[in-house]
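Novice: This is final-v3.txt, which holds compact mmCIF, C-alpha atoms:
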```
# COMPACT_ATOMS: atom_id res chain seq x y z
CA MET Z 1 0.00 0.00 0.00
CA ASN Z 2 1.48 3.35 -0.96
CA LYS Z 3 0.89 6.59 0.93
CA ALA Z 4 -1.69 7.86 -1.56
CA ASP Z 5 -4.00 4.95 -0.69
CA CYS Z 6 -3.26 4.82 3.04
CA PRO Z 7 -6.13 5.91 5.30
CA PHE Z 8 -3.67 6.93 8.03
CA CYS Z 9 -1.81 9.18 5.57
CA LYS Z 10 -4.95 10.60 3.96
CA GLY Z 11 -6.61 11.95 7.12
CA PRO Z 12 -6.95 11.74 10.89
CA ALA Z 13 -8.89 8.40 10.75
CA GLY Z 14 -10.57 8.86 14.12
CA HIS Z 15 -11.14 11.36 16.91
CA VAL Z 16 -7.74 12.95 17.55
CA VAL Z 17 -6.88 12.82 21.26
CA PHE Z 18 -3.28 13.98 20.86
CA SER Z 19 -1.26 15.05 17.88
CA GLY Z 20 2.50 15.45 17.83
CA PRO Z 21 5.21 15.49 15.19
CA ARG Z 22 6.06 11.76 15.40
CA PHE Z 23 2.70 10.18 16.19
CA ARG Z 24 -0.90 10.85 17.09
CA ILE Z 25 -3.37 9.19 19.44
CA LEU Z 26 -6.81 8.44 18.06
CA ARG Z 27 -10.01 7.17 19.52
CA PRO Z 28 -11.68 5.32 16.66
CA GLN Z 29 -15.35 4.41 16.94
CA GLU Z 30 -15.19 0.73 17.81
CA ALA Z 31 -18.69 -0.35 18.86
CA GLY Z 32 -18.75 -1.92 22.31
CA PHE Z 33 -15.21 -0.78 23.17
CA PRO Z 34 -15.44 2.75 24.57
CA ALA Z 35 -11.79 2.81 25.65
CA PHE Z 36 -10.18 1.66 22.41
CA TYR Z 37 -7.28 3.93 21.42
CA ARG Z 38 -4.75 3.89 18.63
CA LEU Z 39 -1.24 5.28 18.42
CA VAL Z 40 -0.60 6.03 14.73
CA TRP Z 41 3.01 6.67 13.76
CA ALA Z 42 3.28 9.73 11.48
CA GLU Z 43 5.72 8.25 8.99
CA HIS Z 44 4.33 5.65 6.59
CA VAL Z 45 6.28 2.57 7.70
CA ALA Z 46 4.86 -0.92 8.11
CA GLU Z 47 6.70 -2.56 10.98
CA LEU Z 48 8.03 -1.60 14.42
CA SER Z 49 11.48 -2.75 13.24
CA ASP Z 50 11.36 -0.15 10.45
CA LEU Z 51 11.87 2.52 13.12
CA SER Z 52 15.23 3.52 14.56
CA ALA Z 53 15.98 2.32 18.09
CA ALA Z 54 15.27 5.84 19.42
CA ASP Z 55 11.92 5.99 17.61
CA ARG Z 56 10.98 2.50 18.82
CA LEU Z 57 11.65 3.65 22.36
CA LEU Z 58 9.53 6.78 21.87
CA CYS Z 59 6.77 4.71 20.28
CA MET Z 60 6.60 2.02 22.95
CA GLU Z 61 7.04 4.38 25.91
CA SER Z 62 4.16 6.43 24.49
CA VAL Z 63 2.03 3.28 24.21
CA VAL Z 64 2.90 2.58 27.85
CA LYS Z 65 1.88 6.10 28.90
CA VAL Z 66 -1.55 5.58 27.35
CA GLU Z 67 -1.75 2.15 29.03
CA GLN Z 68 -0.90 3.70 32.39
CA VAL Z 69 -3.61 6.36 32.07
CA LEU Z 70 -6.19 3.72 31.13
CA ARG Z 71 -5.18 1.55 34.09
CA ARG Z 72 -5.24 4.44 36.53
CA HIS Z 73 -8.59 5.90 35.47
CA LEU Z 74 -10.58 2.88 34.33
CA LYS Z 75 -9.19 -0.06 36.36
CA PRO Z 76 -9.70 -2.41 33.41
CA SER Z 77 -9.53 -6.20 33.77
CA LYS Z 78 -6.68 -6.19 31.23
CA ILE Z 79 -4.91 -3.99 28.71
CA ASN Z 80 -4.61 -5.36 25.18
CA LEU Z 81 -1.80 -4.07 22.95
CA ALA Z 82 -1.48 -5.03 19.30
CA SER Z 83 0.29 -3.94 16.14
CA LEU Z 84 -1.27 -5.92 13.30
CA GLY Z 85 -1.69 -3.80 10.16
CA ASN Z 86 -2.56 -6.60 7.75
CA MET Z 87 -5.14 -4.39 6.08
CA VAL Z 88 -3.43 -1.04 6.65
CA PRO Z 89 0.33 -1.64 6.78
CA HIS Z 90 1.10 1.73 8.37
CA LEU Z 91 2.49 1.31 11.89
CA HIS Z 92 -0.26 1.72 14.48
CA TRP Z 93 -0.81 0.29 17.94
CA HIS Z 94 -4.18 -0.71 19.29
CA ILE Z 95 -4.34 0.11 23.02
CA ILE Z 96 -7.55 -1.30 24.42
CA ALA Z 97 -8.93 -1.29 27.96
CA ARG Z 98 -10.74 -4.61 28.36
CA PHE Z 99 -13.35 -5.39 31.00
CA ASP Z 100 -14.64 -8.75 32.17
CA TRP Z 101 -18.15 -7.57 31.24
CA ASP Z 102 -17.28 -6.48 27.68
CA SER Z 103 -18.81 -8.14 24.63
CA HIS Z 104 -15.79 -10.35 23.87
CA PHE Z 105 -13.92 -10.89 27.14
CA PRO Z 106 -11.77 -12.94 27.63
CA ALA Z 107 -11.48 -13.44 23.85
CA PRO Z 108 -9.62 -10.89 21.71
CA VAL Z 109 -11.75 -8.07 20.28
CA TRP Z 110 -11.28 -9.63 16.81
CA ALA Z 111 -12.92 -12.93 17.81
CA PRO Z 112 -16.68 -13.42 17.71
CA ALA Z 113 -18.68 -11.63 20.42
CA GLN Z 114 -19.75 -13.67 23.44
CA ARG Z 115 -22.45 -11.41 24.87
CA GLN Z 116 -23.89 -7.91 24.77
CA ALA Z 117 -22.08 -5.50 27.08
CA PRO Z 118 -24.29 -3.93 29.79
CA ALA Z 119 -25.28 -0.38 28.85
CA ASP Z 120 -24.64 1.04 32.33
CA ALA Z 121 -21.08 -0.29 32.42
CA LEU Z 122 -20.38 1.11 28.95
CA ALA Z 123 -21.84 4.48 30.00
CA GLN Z 124 -19.54 4.62 33.03
CA VAL Z 125 -16.49 4.24 30.80
CA VAL Z 126 -17.78 6.88 28.39
CA ALA Z 127 -18.33 9.24 31.34
CA ALA Z 128 -14.71 8.79 32.44
CA ARG Z 129 -13.29 9.40 28.99
CA GLU Z 130 -12.85 13.16 29.14
CA ALA Z 131 -10.56 12.80 32.18
CA VAL Z 132 -8.76 9.89 30.50
CA GLU Z 133 -8.06 11.91 27.39
CA ASP Z 134 -7.01 15.03 29.31
CA ASN Z 135 -4.51 12.83 31.12
CA ILE Z 136 -3.25 11.20 27.92
CA ARG Z 137 -2.55 14.66 26.52
CA ALA Z 138 -0.83 15.74 29.75
CA GLU Z 139 1.39 12.61 29.75
CA LEU Z 140 2.41 13.02 26.12
CA THR Z 141 2.92 16.78 25.99
CA MET B 1 -4.56 -15.50 38.55
CA ASN B 2 -1.84 -16.37 40.99
CA LYS B 3 1.46 -18.02 40.09
CA ALA B 4 0.36 -21.47 41.27
CA ASP B 5 -2.37 -21.55 38.59
CA CYS B 6 -0.41 -19.81 35.82
CA PRO B 7 0.54 -22.04 32.86
CA PHE B 8 3.55 -19.82 32.09
CA CYS B 9 4.82 -20.22 35.67
CA LYS B 10 4.07 -23.95 35.89
CA GLY B 11 6.09 -25.07 32.86
CA PRO B 12 7.62 -24.17 29.51
CA ALA B 13 4.20 -23.99 27.74
CA GLY B 14 5.59 -24.64 24.26
CA HIS B 15 8.75 -25.61 22.40
CA VAL B 16 11.54 -23.54 23.98
CA VAL B 17 13.53 -21.72 21.28
CA PHE B 18 15.54 -19.55 23.68
CA SER B 19 15.67 -19.35 27.43
CA GLY B 20 17.29 -16.55 29.40
CA PRO B 21 17.02 -15.17 32.93
CA ARG B 22 14.43 -12.47 32.09
CA PHE B 23 12.35 -14.09 29.35
CA ARG B 24 12.05 -17.10 27.07
CA ILE B 25 10.98 -17.50 23.45
CA LEU B 26 8.51 -20.27 22.72
CA ARG B 27 7.04 -21.75 19.59
CA PRO B 28 3.60 -22.92 20.64
CA GLN B 29 1.70 -25.29 18.36
CA GLU B 30 -0.75 -22.98 16.66
CA ALA B 31 -2.35 -24.91 13.81
CA GLY B 32 -1.97 -23.14 10.47
CA PHE B 33 0.62 -20.67 11.80
CA PRO B 34 4.03 -22.32 11.53
CA ALA B 35 5.89 -19.11 12.41
CA PHE B 36 3.98 -18.14 15.54
CA TYR B 37 6.35 -17.31 18.42
CA ARG B 38 5.88 -16.05 21.95
CA LEU B 39 8.11 -14.04 24.22
CA VAL B 40 7.16 -14.98 27.78
CA TRP B 41 8.48 -12.71 30.51
CA ALA B 42 9.93 -14.75 33.39
CA GLU B 43 8.39 -12.72 36.22
CA HIS B 44 4.66 -13.15 36.80
CA VAL B 45 3.42 -9.64 35.95
CA ALA B 46 0.34 -8.83 33.91
CA GLU B 47 1.07 -5.68 31.96
CA LEU B 48 3.96 -4.13 30.03
CA SER B 49 3.69 -1.11 32.33
CA ASP B 50 4.37 -3.37 35.33
CA LEU B 51 7.99 -3.59 34.13
CA SER B 52 10.67 -1.01 34.85
CA ALA B 53 11.68 1.22 31.94
CA ALA B 54 14.89 -0.82 31.52
CA ASP B 55 12.96 -4.10 31.43
CA ARG B 56 10.41 -2.67 28.98
CA LEU B 57 13.27 -1.72 26.69
CA LEU B 58 14.80 -5.21 26.97
CA CYS B 59 11.40 -6.80 26.37
CA MET B 60 10.48 -4.75 23.30
CA GLU B 61 13.94 -4.79 21.74
CA SER B 62 13.89 -8.58 22.11
CA VAL B 63 10.47 -8.71 20.42
CA VAL B 64 11.97 -6.60 17.62
CA LYS B 65 14.95 -8.98 17.27
CA VAL B 66 12.57 -11.88 16.75
CA GLU B 67 10.56 -9.76 14.29
CA GLN B 68 13.73 -8.94 12.35
CA VAL B 69 14.74 -12.61 12.07
CA LEU B 70 11.26 -13.54 10.85
CA ARG B 71 11.30 -10.75 8.26
CA ARG B 72 14.79 -11.61 7.03
CA HIS B 73 14.25 -15.36 6.70
CA LEU B 74 10.58 -15.69 5.83
CA LYS B 75 9.70 -12.46 3.98
CA PRO B 76 6.20 -12.46 5.51
CA SER B 77 3.40 -10.22 4.22
CA LYS B 78 3.20 -8.69 7.69
CA ILE B 79 4.37 -9.15 11.25
CA ASN B 80 1.68 -9.20 13.93
CA LEU B 81 2.62 -8.27 17.51
CA ALA B 82 0.20 -8.55 20.40
CA SER B 83 0.18 -8.60 24.19
CA LEU B 84 -3.33 -9.61 25.23
CA GLY B 85 -3.32 -11.97 28.22
CA ASN B 86 -7.03 -11.87 28.99
CA MET B 87 -6.99 -15.59 29.78
CA VAL B 88 -3.42 -15.83 31.09
CA PRO B 89 -2.49 -12.45 32.62
CA HIS B 90 1.24 -13.16 32.63
CA LEU B 91 3.11 -10.82 30.28
CA HIS B 92 3.70 -12.50 26.92
CA TRP B 93 4.04 -11.21 23.39
CA HIS B 94 2.70 -12.99 20.34
CA ILE B 95 5.11 -12.48 17.42
CA ILE B 96 3.52 -13.91 14.31
CA ALA B 97 4.74 -13.99 10.70
CA ARG B 98 1.64 -13.59 8.56
CA PHE B 99 1.36 -14.50 4.88
CA ASP B 100 -1.21 -13.44 2.33
CA TRP B 101 -1.97 -17.14 1.75
CA ASP B 102 -2.50 -18.03 5.42
CA SER B 103 -5.85 -19.25 6.72
CA HIS B 104 -6.93 -15.89 8.19
CA PHE B 105 -5.11 -13.17 6.24
CA PRO B 106 -5.76 -10.23 6.29
CA ALA B 107 -7.88 -10.81 9.40
CA PRO B 108 -6.22 -11.28 12.80
CA VAL B 109 -5.41 -14.88 13.77
CA TRP B 110 -8.15 -14.67 16.42
CA ALA B 111 -10.89 -13.96 13.86
CA PRO B 112 -12.69 -16.75 11.99
CA ALA B 113 -10.63 -18.52 9.28
CA GLN B 114 -11.18 -17.42 5.68
CA ARG B 115 -9.64 -20.38 3.83
CA GLN B 116 -7.41 -23.40 4.24
CA ALA B 117 -3.71 -22.55 3.89
CA PRO B 118 -1.93 -24.38 1.02
CA ALA B 119 0.11 -27.32 2.35
CA ASP B 120 3.16 -26.56 0.18
CA ALA B 121 3.40 -22.98 1.45
CA LEU B 122 3.08 -24.16 5.05
CA ALA B 123 5.76 -26.79 4.45
CA GLN B 124 8.16 -24.17 3.09
CA VAL B 125 7.86 -22.15 6.30
CA VAL B 126 8.34 -25.27 8.42
CA ALA B 127 11.47 -26.12 6.39
CA ALA B 128 12.93 -22.67 7.10
CA ARG B 129 12.24 -22.83 10.80
CA GLU B 130 15.49 -24.41 11.96
CA ALA B 131 17.48 -21.54 10.45
CA VAL B 132 14.99 -19.03 11.88
CA GLU B 133 15.35 -20.43 15.38
CA ASP B 134 19.15 -20.69 15.18
CA ASN B 135 19.15 -17.01 14.27
CA ILE B 136 16.74 -16.05 17.05
CA ARG B 137 19.08 -17.73 19.55
CA ALA B 138 22.11 -15.99 18.00
CA GLU B 139 20.40 -12.57 18.19
CA LEU B 140 19.32 -13.00 21.80
CA THR B 141 22.45 -14.61 23.22
```
Please express what this file holds, its structure, as structure tokens.
Specialist:
Amino acid sequence: MNKADCPFCKGPAGHVVFSGPRFRILRPQEAGFPAFYRLVWAEHVAELSDLSAADRLLCMESVVKVEQVLRRHLKPSKINLASLGNMVPHLHWHIIARFDWDSHFPAPVWAPAQRQAPADALAQVVAAREAVEDNIRAELT
Amino acid sequence: MNKADCPFCKGPAGHVVFSGPRFRILRPQEAGFPAFYRLVWAEHVAELSDLSAADRLLCMESVVKVEQVLRRHLKPSKINLASLGNMVPHLHWHIIARFDWDSHFPAPVWAPAQRQAPADALAQVVAAREAVEDNIRAELT
């Protein structure tokens, strides 16, 4: 996939939580997962090993900062981290707060759903999101 | 989950490719994915952010070394990296060489299969595995 066809090169591709020169943090709309974030690397490279050691460190320590904010504010059952990119081979990390009540837990979010998530639990996460995202910005700025 | 119940604390949990004091590299038997590796952190911690900054660097740079060997030897369509651990919350990274002919591509390995992988392509990856694993050991030693 060249840059002209790449959705991460063409536009924001989600609600922009933080934007810096090397990467941005997005909150895409992933139904049933209200605390699903993405770190999108600015440069159009496919793999983590395409980055320099210094950029890998920046990338992964930034992923960890988002993880830490999610843990602190949302007390999730587990954090899921993944860099897949089979469809969009432009380096991006999924950073997902998982809860034992969510639609897929304990399966990965890409597996079939196991149940419908309770609306009140989802609403509580949505209500906490403004503070989460303020803190993500504060950690990354 | 405490250590007494943890499959990564109880035993090797796969074919051991490399074993060091801080982590080991396993090749689990994942049907249809002949180049599916796991980095299992030795200490029973759940999240990447439970590690010190120095250990996070060691962990991720070791993941990258495995990724680089897989890319060099197997020329995969994509590398998939994931730390999920919803079922076994003991820090481990899936490091998977994906091919456009594999049973799930371009979907994640946790999604439903899309086809049966061709036996000859699978056999070629299996045939390259000894060299891959010799190189993983060389990179990590």
Novice: By how many Å are CA of Ala119 in chain B and CA of Ala131 in chain B apart?
Specialist: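 These atoms are spaced 20.0 Å apart.
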Novice: Could you list the residues in chain Z lying within 8 Å of chain B, using only C-alpha atoms, and format the result as a list of chain:residue names?
Specialist: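 Those within range of chain B come out as Z:Ala46, Z:Glu47, Z:Leu48, Z:Ser49, Z:Leu57, Z:Met60, Z:Val64, Z:Glu67, Z:Gln68, Z:Ser77, Z:Lys78, Z:Ile79, Z:Asn80, Z:Leu81, Z:Ala82, Z:Ser83, Z:Leu84, Z:Gly85, Z:Asn86, Z:Met87, Z:Pro89, Z:Phe105, Z:Pro106, Z:Ala107, Z:Pro108, Z:Trp110, Z:Ala111, Z:Pro112.
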Novice: Residues as selected, C-alpha atoms, written as a PDB file, in the coordinates of the input, can you do that?
Specialist:
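Okay, this is what ended up in part.pdb:
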```
ATOM      1  CA  ALA Z  46       4.860  -0.920   8.110  1.00  0.00           C
ATOM      2  CA  GLU Z  47       6.700  -2.560  10.980  1.00  0.00           C
ATOM      3  CA  LEU Z  48       8.030  -1.600  14.420  1.00  0.00           C
ATOM      4  CA  SER Z  49      11.480  -2.750  13.240  1.00  0.00           C
ATOM      5  CA  LEU Z  57      11.650   3.650  22.360  1.00  0.00           C
ATOM      6  CA  MET Z  60       6.600   2.020  22.950  1.00  0.00           C
ATOM      7  CA  VAL Z  64       2.900   2.580  27.850  1.00  0.00           C
ATOM      8  CA  GLU Z  67      -1.750   2.150  29.030  1.00  0.00           C
ATOM      9  CA  GLN Z  68      -0.900   3.700  32.390  1.00  0.00           C
ATOM     10  CA  SER Z  77      -9.530  -6.200  33.770  1.00  0.00           C
ATOM     11  CA  LYS Z  78      -6.680  -6.190  31.230  1.00  0.00           C
ATOM     12  CA  ILE Z  79      -4.910  -3.990  28.710  1.00  0.00           C
ATOM     13  CA  ASN Z  80      -4.610  -5.360  25.180  1.00  0.00           C
ATOM     14  CA  LEU Z  81      -1.800  -4.070  22.950  1.00  0.00           C
ATOM     15  CA  ALA Z  82      -1.480  -5.030  19.300  1.00  0.00           C
ATOM     16  CA  SER Z  83       0.290  -3.940  16.140  1.00  0.00           C
ATOM     17  CA  LEU Z  84      -1.270  -5.920  13.300  1.00  0.00           C
ATOM     18  CA  GLY Z  85      -1.690  -3.800  10.160  1.00  0.00           C
ATOM     19  CA  ASN Z  86      -2.560  -6.600   7.750  1.00  0.00           C
ATOM     20  CA  MET Z  87      -5.140  -4.390   6.080  1.00  0.00           C
ATOM     21  CA  PRO Z  89       0.330  -1.640   6.780  1.00  0.00           C
ATOM     22  CA  PHE Z 105     -13.920 -10.890  27.140  1.00  0.00           C
ATOM     23  CA  PRO Z 106     -11.770 -12.940  27.630  1.00  0.00           C
ATOM     24  CA  ALA Z 107     -11.480 -13.440  23.850  1.00  0.00           C
ATOM     25  CA  PRO Z 108      -9.620 -10.890  21.710  1.00  0.00           C
ATOM     26  CA  TRP Z 110     -11.280  -9.630  16.810  1.00  0.00           C
ATOM     27  CA  ALA Z 111     -12.920 -12.930  17.810  1.00  0.00           C
ATOM     28  CA  PRO Z 112     -16.680 -13.420  17.710  1.00  0.00           C
TER      29      PRO Z 112
END
```
Novice: Compile the contact shell of His92 in chain Z as a count of residues only: residues with an atom at most 7 Å away, counting only C-alpha atoms, same-chain residues fewer than 6 positions apart removed.
Specialist: 5
Novice: Nearest to His15 in chain B: which of B:Trp101, B:Glu133, B:Ala121, B:Gln114 is it, counting all atoms listed in the file?
Specialist: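 Counting all atoms listed in the file, the residue closest to His15 in chain B is B:Glu133.
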Novice: Just give me the gap between CA of Ala117 in chain B and CA of Pro7 in chain Z in Å, one decimal is fine.
Specialist: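 Taking CA of Ala117 in chain B and CA of Pro7 in chain Z, their separation equals 28.6 Å.
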Novice: Could you please determine the separation between CA of Leu140 in chain B and CA of Val17 in chain B in Å, to one decimal place?
Specialist: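 Between CA of Leu140 in chain B and CA of Val17 in chain B the gap works out to 10.5 Å.
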Novice: Using only C-alpha atoms, which residue out of Z:Ser62, Z:Ala138, Z:Gly32, Z:Ile25 lies closest to Arg115 in chain Z?
Specialist: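 Closest to Arg115 in chain Z, using only C-alpha atoms: Z:Gly32.
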Novice: Which of these, Z:Arg27, Z:Lys10, Z:Arg22, Z:His44, has the shortest distance to Val132 in chain Z once you count all atoms listed in the file?
Specialist: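 For Val132 in chain Z, the nearest of the given residues is Z:Arg27.
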Novice: Kindly write all heavy atoms of range 36-47 of chain Z from the structure just given to a file, as an mmCIF file, in the first residue's frame.
Specialist:
```
data_model
loop_
_atom_site.group_PDB
_atom_site.id
_atom_site.type_symbol
_atom_site.label_atom_id
_atom_site.label_comp_id
_atom_site.auth_asym_id
_atom_site.auth_seq_id
_atom_site.Cartn_x
_atom_site.Cartn_y
_atom_site.Cartn_z
ATOM 1 N N PHE Z 36 -11.022 2.244 23.462
ATOM 2 C CA PHE Z 36 -10.178 1.657 22.406
ATOM 3 C C PHE Z 36 -9.428 2.834 21.790
ATOM 4 O O PHE Z 36 -10.040 3.735 21.214
ATOM 5 C CB PHE Z 36 -11.079 0.983 21.371
ATOM 6 C CG PHE Z 36 -10.394 0.114 20.339
ATOM 7 C CD1 PHE Z 36 -10.876 -1.171 20.081
ATOM 8 C CD2 PHE Z 36 -9.310 0.565 19.596
ATOM 9 C CE1 PHE Z 36 -10.281 -1.986 19.119
ATOM 10 C CE2 PHE Z 36 -8.721 -0.241 18.629
ATOM 11 C CZ PHE Z 36 -9.206 -1.520 18.393
ATOM 12 N N TYR Z 37 -8.104 2.835 21.951
ATOM 13 C CA TYR Z 37 -7.279 3.929 21.422
ATOM 14 C C TYR Z 37 -6.286 3.383 20.417
ATOM 15 O O TYR Z 37 -6.035 2.167 20.369
ATOM 16 C CB TYR Z 37 -6.566 4.650 22.582
ATOM 17 C CG TYR Z 37 -7.559 5.410 23.434
ATOM 18 C CD1 TYR Z 37 -8.180 4.809 24.528
ATOM 19 C CD2 TYR Z 37 -7.934 6.707 23.089
ATOM 20 C CE1 TYR Z 37 -9.142 5.485 25.272
ATOM 21 C CE2 TYR Z 37 -8.894 7.384 23.829
ATOM 22 C CZ TYR Z 37 -9.491 6.775 24.914
ATOM 23 O OH TYR Z 37 -10.458 7.444 25.629
ATOM 24 N N ARG Z 38 -5.772 4.285 19.594
ATOM 25 C CA ARG Z 38 -4.753 3.895 18.628
ATOM 26 C C ARG Z 38 -3.627 4.912 18.636
ATOM 27 O O ARG Z 38 -3.889 6.114 18.598
ATOM 28 C CB ARG Z 38 -5.336 3.888 17.208
ATOM 29 C CG ARG Z 38 -5.582 2.523 16.699
ATOM 30 C CD ARG Z 38 -6.192 2.449 15.318
ATOM 31 N NE ARG Z 38 -7.110 1.311 15.359
ATOM 32 C CZ ARG Z 38 -8.323 1.270 14.851
ATOM 33 N NH1 ARG Z 38 -8.815 2.293 14.183
ATOM 34 N NH2 ARG Z 38 -9.067 0.204 14.992
ATOM 35 N N LEU Z 39 -2.397 4.431 18.681
ATOM 36 C CA LEU Z 39 -1.242 5.282 18.418
ATOM 37 C C LEU Z 39 -0.888 5.056 16.953
ATOM 38 O O LEU Z 39 -0.599 3.920 16.552
ATOM 39 C CB LEU Z 39 -0.073 4.911 19.333
ATOM 40 C CG LEU Z 39 1.197 5.786 19.145
ATOM 41 C CD1 LEU Z 39 1.993 5.854 20.449
ATOM 42 C CD2 LEU Z 39 2.097 5.293 18.012
ATOM 43 N N VAL Z 40 -0.937 6.116 16.155
ATOM 44 C CA VAL Z 40 -0.604 6.031 14.727
ATOM 45 C C VAL Z 40 0.708 6.772 14.510
ATOM 46 O O VAL Z 40 0.806 7.978 14.805
ATOM 47 C CB VAL Z 40 -1.717 6.647 13.851
ATOM 48 C CG1 VAL Z 40 -1.332 6.584 12.367
ATOM 49 C CG2 VAL Z 40 -3.039 5.925 14.084
ATOM 50 N N TRP Z 41 1.717 6.060 14.037
ATOM 51 C CA TRP Z 41 3.005 6.673 13.759
ATOM 52 C C TRP Z 41 2.847 7.594 12.550
ATOM 53 O O TRP Z 41 2.098 7.286 11.625
ATOM 54 C CB TRP Z 41 4.054 5.588 13.494
ATOM 55 C CG TRP Z 41 5.457 6.109 13.585
ATOM 56 C CD1 TRP Z 41 6.310 6.335 12.538
ATOM 57 C CD2 TRP Z 41 6.162 6.505 14.766
ATOM 58 N NE1 TRP Z 41 7.499 6.842 13.010
ATOM 59 C CE2 TRP Z 41 7.433 6.952 14.371
ATOM 60 C CE3 TRP Z 41 5.822 6.521 16.129
ATOM 61 C CZ2 TRP Z 41 8.375 7.418 15.288
ATOM 62 C CZ3 TRP Z 41 6.760 6.981 17.038
ATOM 63 C CH2 TRP Z 41 8.021 7.422 16.626
ATOM 64 N N ALA Z 42 3.498 8.759 12.565
ATOM 65 C CA ALA Z 42 3.285 9.732 11.483
ATOM 66 C C ALA Z 42 3.866 9.246 10.151
ATOM 67 O O ALA Z 42 3.213 9.340 9.106
ATOM 68 C CB ALA Z 42 3.895 11.081 11.871
ATOM 69 N N GLU Z 43 5.058 8.702 10.219
ATOM 70 C CA GLU Z 43 5.720 8.253 8.991
ATOM 71 C C GLU Z 43 5.069 6.956 8.484
ATOM 72 O O GLU Z 43 4.711 6.093 9.282
ATOM 73 C CB GLU Z 43 7.205 8.002 9.311
ATOM 74 C CG GLU Z 43 8.116 7.921 8.108
ATOM 75 C CD GLU Z 43 9.526 7.461 8.502
ATOM 76 O OE1 GLU Z 43 9.855 7.507 9.708
ATOM 77 O OE2 GLU Z 43 10.268 7.047 7.604
ATOM 78 N N HIS Z 44 4.953 6.828 7.182
ATOM 79 C CA HIS Z 44 4.327 5.648 6.585
ATOM 80 C C HIS Z 44 5.326 4.490 6.526
ATOM 81 O O HIS Z 44 5.980 4.270 5.505
ATOM 82 C CB HIS Z 44 3.818 5.995 5.174
ATOM 83 C CG HIS Z 44 3.087 4.869 4.502
ATOM 84 N ND1 HIS Z 44 1.802 4.510 4.811
ATOM 85 C CD2 HIS Z 44 3.474 4.008 3.529
ATOM 86 C CE1 HIS Z 44 1.424 3.502 4.063
ATOM 87 N NE2 HIS Z 44 2.418 3.166 3.268
ATOM 88 N N VAL Z 45 5.449 3.781 7.643
ATOM 89 C CA VAL Z 45 6.284 2.568 7.696
ATOM 90 C C VAL Z 45 5.382 1.437 8.178
ATOM 91 O O VAL Z 45 4.376 1.675 8.853
ATOM 92 C CB VAL Z 45 7.497 2.712 8.635
ATOM 93 C CG1 VAL Z 45 8.439 3.804 8.137
ATOM 94 C CG2 VAL Z 45 7.068 2.973 10.074
ATOM 95 N N ALA Z 46 5.756 0.208 7.832
ATOM 96 C CA ALA Z 46 4.858 -0.921 8.109
ATOM 97 C C ALA Z 46 5.102 -1.560 9.478
ATOM 98 O O ALA Z 46 4.158 -1.931 10.179
ATOM 99 C CB ALA Z 46 4.993 -1.976 7.015
ATOM 100 N N GLU Z 47 6.376 -1.699 9.829
ATOM 101 C CA GLU Z 47 6.700 -2.557 10.975
ATOM 102 C C GLU Z 47 7.432 -1.766 12.061
ATOM 103 O O GLU Z 47 8.166 -0.816 11.761
ATOM 104 C CB GLU Z 47 7.609 -3.717 10.523
ATOM 105 C CG GLU Z 47 7.058 -4.562 9.382
ATOM 106 C CD GLU Z 47 5.930 -5.514 9.786
ATOM 107 O OE1 GLU Z 47 5.447 -5.453 10.937
ATOM 108 O OE2 GLU Z 47 5.526 -6.310 8.919
#
```
